file final21.cif (mmCIF, C-alpha atoms)
data_run
#
loop_
_atom_site.label_atom_id
_atom_site.label_comp_id
_atom_site.auth_asym_id
_atom_site.auth_seq_id
_atom_site.Cartn_x
_atom_site.Cartn_y
_atom_site.Cartn_z
CA MET A 1 91.08 -4.17 -10.00
CA LYS A 2 93.51 -1.89 -8.18
CA LEU A 3 94.54 1.52 -9.50
CA ASP A 4 98.19 2.49 -9.14
CA GLY A 5 99.79 5.91 -8.91
CA ILE A 6 96.71 7.72 -7.62
CA LYS A 7 97.30 10.63 -5.25
CA HIS A 8 94.16 12.74 -5.64
CA VAL A 9 90.51 11.71 -5.32
CA PHE A 10 88.00 14.20 -6.67
CA TRP A 11 84.35 13.81 -5.67
CA ASP A 12 81.06 15.09 -6.95
CA LEU A 13 78.85 16.19 -4.04
CA ASP A 14 75.12 15.90 -4.78
CA HIS A 15 73.86 12.32 -5.28
CA THR A 16 77.41 11.03 -4.70
CA LEU A 17 78.23 11.95 -1.09
CA TRP A 18 75.30 14.17 -0.07
CA ASP A 19 71.99 12.31 -0.44
CA PHE A 20 70.22 14.91 -2.56
CA ASP A 21 67.09 12.87 -3.26
CA THR A 22 66.33 12.06 0.37
CA ASN A 23 67.20 15.51 1.68
CA ALA A 24 65.17 17.25 -1.02
CA SER A 25 62.16 14.98 -0.47
CA ASP A 26 62.24 15.55 3.29
CA VAL A 27 62.25 19.33 2.79
CA LEU A 28 59.51 19.22 0.16
CA VAL A 29 57.27 17.20 2.47
CA ASP A 30 57.70 19.86 5.16
CA LEU A 31 57.11 22.73 2.74
CA PHE A 32 54.07 21.04 1.23
CA GLU A 33 52.42 21.30 4.63
CA GLN A 34 53.84 24.73 5.47
CA PHE A 35 52.49 26.28 2.25
CA ASP A 36 49.26 24.23 2.29
CA LEU A 37 49.97 23.02 -1.23
CA ARG A 38 47.26 20.39 -0.97
CA SER A 39 44.78 23.25 -1.25
CA VAL A 40 46.83 25.46 -3.55
CA LEU A 41 47.56 22.73 -6.11
CA ASN A 42 44.72 20.29 -5.38
CA THR A 43 47.10 17.33 -5.24
CA ASP A 44 48.84 15.07 -2.77
CA VAL A 45 52.43 15.32 -1.59
CA GLU A 46 53.69 12.28 -3.54
CA LYS A 47 52.44 13.56 -6.88
CA PHE A 48 53.78 17.04 -6.13
CA ILE A 49 57.27 15.74 -5.31
CA ASP A 50 57.37 13.41 -8.33
CA THR A 51 56.34 16.26 -10.64
CA TYR A 52 58.82 18.71 -9.12
CA LYS A 53 61.72 16.25 -9.34
CA ARG A 54 61.02 15.52 -13.00
CA ILE A 55 60.86 19.22 -13.86
CA ASN A 56 63.88 20.04 -11.70
CA GLU A 57 66.02 17.49 -13.55
CA GLN A 58 64.92 18.91 -16.89
CA CYS A 59 65.82 22.42 -15.71
CA TRP A 60 69.23 21.30 -14.42
CA THR A 61 69.98 19.73 -17.80
CA LEU A 62 69.20 23.05 -19.46
CA TYR A 63 71.37 24.84 -16.88
CA ARG A 64 74.35 22.52 -17.48
CA ASN A 65 73.98 23.08 -21.22
CA GLY A 66 74.00 26.86 -20.80
CA GLN A 67 70.35 27.19 -21.87
CA LEU A 68 69.14 28.45 -18.50
CA GLU A 69 70.67 30.98 -16.14
CA LYS A 70 71.11 30.34 -12.43
CA ASP A 71 68.47 32.85 -11.30
CA GLU A 72 66.02 31.49 -13.88
CA LEU A 73 66.57 27.93 -12.68
CA ARG A 74 65.82 28.86 -9.09
CA THR A 75 62.34 30.18 -9.90
CA ILE A 76 61.15 28.54 -13.10
CA ARG A 77 61.24 24.98 -11.73
CA TYR A 78 58.58 25.86 -9.16
CA LYS A 79 56.49 27.89 -11.59
CA LEU A 80 56.53 25.02 -14.10
CA THR A 81 55.54 22.60 -11.35
CA PHE A 82 52.62 24.82 -10.36
CA LYS A 83 51.62 25.09 -14.02
CA GLU A 84 51.39 21.29 -14.24
CA PHE A 85 48.71 21.49 -11.56
CA ASN A 86 46.91 24.31 -13.40
CA SER A 87 47.94 26.89 -10.83
CA GLU A 88 49.23 30.37 -11.65
CA ASN A 89 49.83 31.30 -8.01
CA TYR A 90 53.42 32.20 -8.82
CA LYS A 91 53.91 34.31 -5.68
CA VAL A 92 53.53 31.15 -3.62
CA ALA A 93 55.83 29.34 -6.07
CA GLU A 94 58.53 31.99 -5.61
CA ASP A 95 58.18 31.93 -1.81
CA LEU A 96 58.37 28.15 -1.91
CA GLY A 97 61.57 28.33 -3.94
CA MET A 98 63.18 30.72 -1.48
CA ALA A 99 62.20 28.55 1.48
CA TYR A 100 63.58 25.45 -0.24
CA MET A 101 66.94 27.11 -0.98
CA GLU A 102 67.19 28.21 2.65
CA GLU A 103 66.29 24.89 4.23
CA CYS A 104 67.51 22.10 1.94
CA PRO A 105 71.28 22.69 2.29
CA LYS A 106 70.95 22.28 6.07
CA ARG A 107 69.79 18.68 5.77
CA THR A 108 72.38 16.09 6.68
CA LYS A 109 71.66 12.71 5.11
CA LEU A 110 74.57 11.20 3.19
CA MET A 111 74.82 8.35 0.72
CA PRO A 112 75.38 4.91 2.29
CA GLY A 113 78.97 4.39 3.40
CA ALA A 114 80.07 7.95 2.61
CA ILE A 115 81.77 8.75 5.92
CA GLU A 116 83.44 5.35 6.24
CA VAL A 117 84.90 5.58 2.73
CA LEU A 118 86.03 9.19 3.19
CA ASP A 119 87.71 8.21 6.46
CA GLN A 120 89.63 5.36 4.83
CA LEU A 121 90.62 7.19 1.66
CA GLY A 122 91.59 10.28 3.62
CA LYS A 123 94.44 8.31 5.20
CA ARG A 124 96.09 7.76 1.81
CA PHE A 125 94.88 10.40 -0.63
CA HIS A 126 94.20 14.09 -1.02
CA GLN A 127 90.44 14.50 -1.44
CA HIS A 128 88.60 17.29 -3.23
CA ILE A 129 85.15 18.32 -4.48
CA ILE A 130 84.14 19.37 -8.01
CA THR A 131 80.48 20.37 -8.20
CA ASN A 132 78.06 22.12 -10.52
CA GLY A 133 76.05 23.16 -7.46
CA PHE A 134 75.62 26.79 -6.43
CA ILE A 135 78.54 28.30 -4.53
CA GLU A 136 76.45 29.77 -1.72
CA VAL A 137 74.90 26.45 -0.67
CA GLN A 138 77.78 23.99 -1.10
CA GLY A 139 79.58 25.14 2.03
CA VAL A 140 76.38 24.93 4.06
CA LYS A 141 75.78 21.35 2.90
CA GLN A 142 79.30 20.27 3.81
CA LYS A 143 79.35 22.05 7.16
CA CYS A 144 75.94 20.80 8.33
CA SER A 145 76.61 17.20 7.24
CA GLY A 146 80.13 17.05 8.69
CA LEU A 147 82.03 16.86 5.40
CA THR A 148 84.13 20.01 5.46
CA SER A 149 87.28 18.56 7.03
CA TYR A 150 87.67 15.84 4.42
CA PHE A 151 88.56 18.06 1.46
CA ASP A 152 91.62 20.07 0.56
CA ILE A 153 89.86 22.12 -2.11
CA VAL A 154 86.29 22.62 -3.30
CA VAL A 155 85.65 23.78 -6.86
CA CYS A 156 82.22 25.06 -7.90
CA SER A 157 81.83 25.32 -11.66
CA GLU A 158 80.57 28.89 -11.24
CA GLU A 159 84.17 29.86 -10.43
CA VAL A 160 85.24 28.69 -13.87
CA GLY A 161 82.37 30.08 -15.91
CA LYS A 162 81.75 26.62 -17.38
CA LYS A 163 79.97 23.56 -16.03
CA LYS A 164 80.97 19.92 -15.88
CA PRO A 165 81.57 18.10 -18.19
CA HIS A 166 83.49 20.97 -19.80
CA PRO A 167 87.23 20.18 -19.60
CA ALA A 168 87.96 23.67 -18.23
CA VAL A 169 86.27 22.77 -14.94
CA PHE A 170 88.48 19.73 -14.41
CA GLU A 171 91.60 21.58 -15.54
CA PHE A 172 90.86 24.39 -13.08
CA ALA A 173 90.45 21.84 -10.27
CA LEU A 174 93.77 20.18 -11.13
CA ILE A 175 95.61 23.49 -10.98
CA LYS A 176 93.94 24.46 -7.71
CA ALA A 177 94.77 21.07 -6.15
CA GLY A 178 98.30 20.94 -7.54
CA ALA A 179 97.49 17.59 -9.16
CA MET A 180 98.28 15.85 -12.44
CA PRO A 181 95.44 14.16 -14.35
CA SER A 182 97.32 10.84 -14.46
CA GLU A 183 97.35 10.71 -10.65
CA SER A 184 93.70 11.72 -10.23
CA VAL A 185 90.34 9.96 -10.13
CA MET A 186 86.88 11.54 -10.29
CA ILE A 187 83.89 9.83 -8.67
CA GLY A 188 80.36 10.92 -9.50
CA ASP A 189 76.81 9.72 -10.04
CA ASN A 190 76.38 11.24 -13.50
CA LEU A 191 78.05 9.10 -16.15
CA GLU A 192 78.41 11.82 -18.80
CA VAL A 193 78.99 14.80 -16.53
CA ASP A 194 81.32 13.28 -13.95
CA ALA A 195 82.98 10.06 -15.06
CA ILE A 196 83.24 10.57 -18.82
CA GLY A 197 83.81 14.31 -18.41
CA ALA A 198 86.75 13.61 -16.12
CA LYS A 199 88.09 10.87 -18.40
CA ASN A 200 88.11 13.31 -21.30
CA ALA A 201 90.25 15.61 -19.14
CA GLY A 202 92.78 12.85 -18.45
CA PHE A 203 91.47 11.61 -15.09
CA THR A 204 90.39 8.10 -14.30
CA GLY A 205 86.59 8.31 -14.28
CA ILE A 206 84.56 6.28 -11.79
CA TRP A 207 80.80 6.15 -12.22
CA TYR A 208 78.85 5.71 -8.98
CA ASN A 209 75.78 3.97 -10.42
CA SER A 210 73.72 3.80 -7.22
CA LYS A 211 70.46 3.63 -9.19
CA ARG A 212 71.73 0.60 -11.10
CA THR A 213 70.85 1.88 -14.55
CA ASP A 214 72.10 0.23 -17.74
CA GLN A 215 74.27 2.48 -19.92
CA ASN A 216 77.15 1.74 -22.25
CA HIS A 217 80.43 3.26 -21.08
CA ASP A 218 84.18 2.75 -20.84
CA VAL A 219 84.81 3.92 -17.28
CA ILE A 220 85.01 2.09 -13.97
CA GLU A 221 81.57 1.48 -12.49
CA ILE A 222 80.64 1.00 -8.84
CA ARG A 223 77.24 0.54 -7.25
CA GLU A 224 78.27 1.00 -3.64
CA LEU A 225 80.78 3.55 -2.34
CA SER A 226 82.45 0.80 -0.31
CA GLU A 227 83.66 -0.78 -3.58
CA LEU A 228 86.16 2.09 -3.84
CA LEU A 229 88.19 0.56 -1.03
CA ASN A 230 89.03 -2.38 -3.34
CA ILE A 231 89.91 -0.07 -6.24
CA LEU A 232 91.94 2.69 -4.58
#
call {"tool": "encode", "arguments": {"input": "final21.cif", "output": "structure tokens"}}
result
Amino acid sequence: MKLDGIKHVFWDLDHTLWDFDTNASDVLVDLFEQFDLRSVLNTDVEKFIDTYKRINEQCWTLYRNGQLEKDELRTIRYKLTFKEFNSENYKVAEDLGMAYMEECPKRTKLMPGAIEVLDQLGKRFHQHIITNGFIEVQGVKQKCSGLTSYFDIVVCSEEVGKKKPHPAVFEFALIKAGAMPSESVMIGDNLEVDAIGAKNAGFTGIWYNSKRTDQNHDVIEIRELSELLNIL
């Protein structure tokens, strides 16, 4: 399948280009030792990370749905994790959260094939970012991992006051990029938030299903970023 008439490629960042899971896990391993969480929480690093990731995803879902504010998200995910281990040492939880926010964006691991695909697509298309991530860390992630030069514009949903998959986020990005929806594709790891959200705004939605989950959908699905080179 080859798409015609495409001029603009919009990307999600976390889990799509920037390897959020690996970078986050690497930082959490370091912080587990730094804060002596084995003693504080009476658990091992694997169980701590698994618990945190589960709670973090739940909190992000609430944040996307407008049920949790940004500042609440930053602290409550660590407090809830500590609570799961019967710890109320929330001062350590807050310090841990601050250390994580400082260190994680500096990590540089990308999804497999990201640079090669960006290099190839950059020769033929305008490339952009649309992310629900926090404004103050997105630039750090891109700079440290060598992504900055690939994108004409970067849109953080905070600028819009809505979060993907709200159509206003995609419409704002189109205006900022000077693009038409019919000539635009959106690539992201979250089926509902990225691919279907973009499709509802008139884009072509491409779901990067790197975890190979089974979900019903009516968008283009890829499992490796390199597949884009046969589509675009």
call {"tool": "closest_residue", "arguments": {"input": "final21.cif", "among": "A:Ser149, A:Ser157, A:Asn23, A:Thr75", "to": "A:Phe134", "atoms": "only C-alpha atoms"}}
result
A:Ser157
call {"tool": "resolve_selection", "arguments": {"input": "final21.cif", "expression": "the PyMOL selection byres ((chain A and resi 82) around 10)", "output": "PyMOL selection string"}}
result
chain A and resi 37+40-41+48+51-52+76-81+83-90+92-93
call {"tool": "resolve_selection", "arguments": {"input": "final21.cif", "expression": "the PyMOL selection byres ((chain A and resi 207) around 12)", "output": "PyMOL selection string"}}
result
chain A and resi 11-12+15-16+185-199+204-206+208-225+227-228
call {"tool": "atom_distance", "arguments": {"input": "final21.cif", "atom1": "atom CA of A:Val160", "atom2": "atom CA of A:Thr131"}}
result
11.1 Å
call {"tool": "atom_distance", "arguments": {"input": "final21.cif", "atom1": "atom CA of A:Gly66", "atom2": "atom CA of A:Val27"}}
result
27.4 Å
call {"tool": "residues_around", "arguments": {"input": "final21.cif", "residues": "A:Met1", "least_positions_apart": "5", "cutoff": "9 Å", "atoms": "all atoms listed in the file", "output": "tab-separated table (two decimals) with C-alpha atoms, keeping the file's coordinate frame"}}
result
chain	number	residue	atom	x	y	z
A	230	ASN	CA	89.03	-2.38	-3.34
A	231	ILE	CA	89.91	-0.07	-6.24
A	232	LEU	CA	91.94	2.69	-4.58
call {"tool": "residues_around", "arguments": {"input": "final21.cif", "residues": "A:Asp50", "least_positions_apart": "5", "cutoff": "10 Å", "atoms": "all atoms listed in the file", "output": "PyMOL selection string"}}
result
chain A and resi 25+45+55-56+81
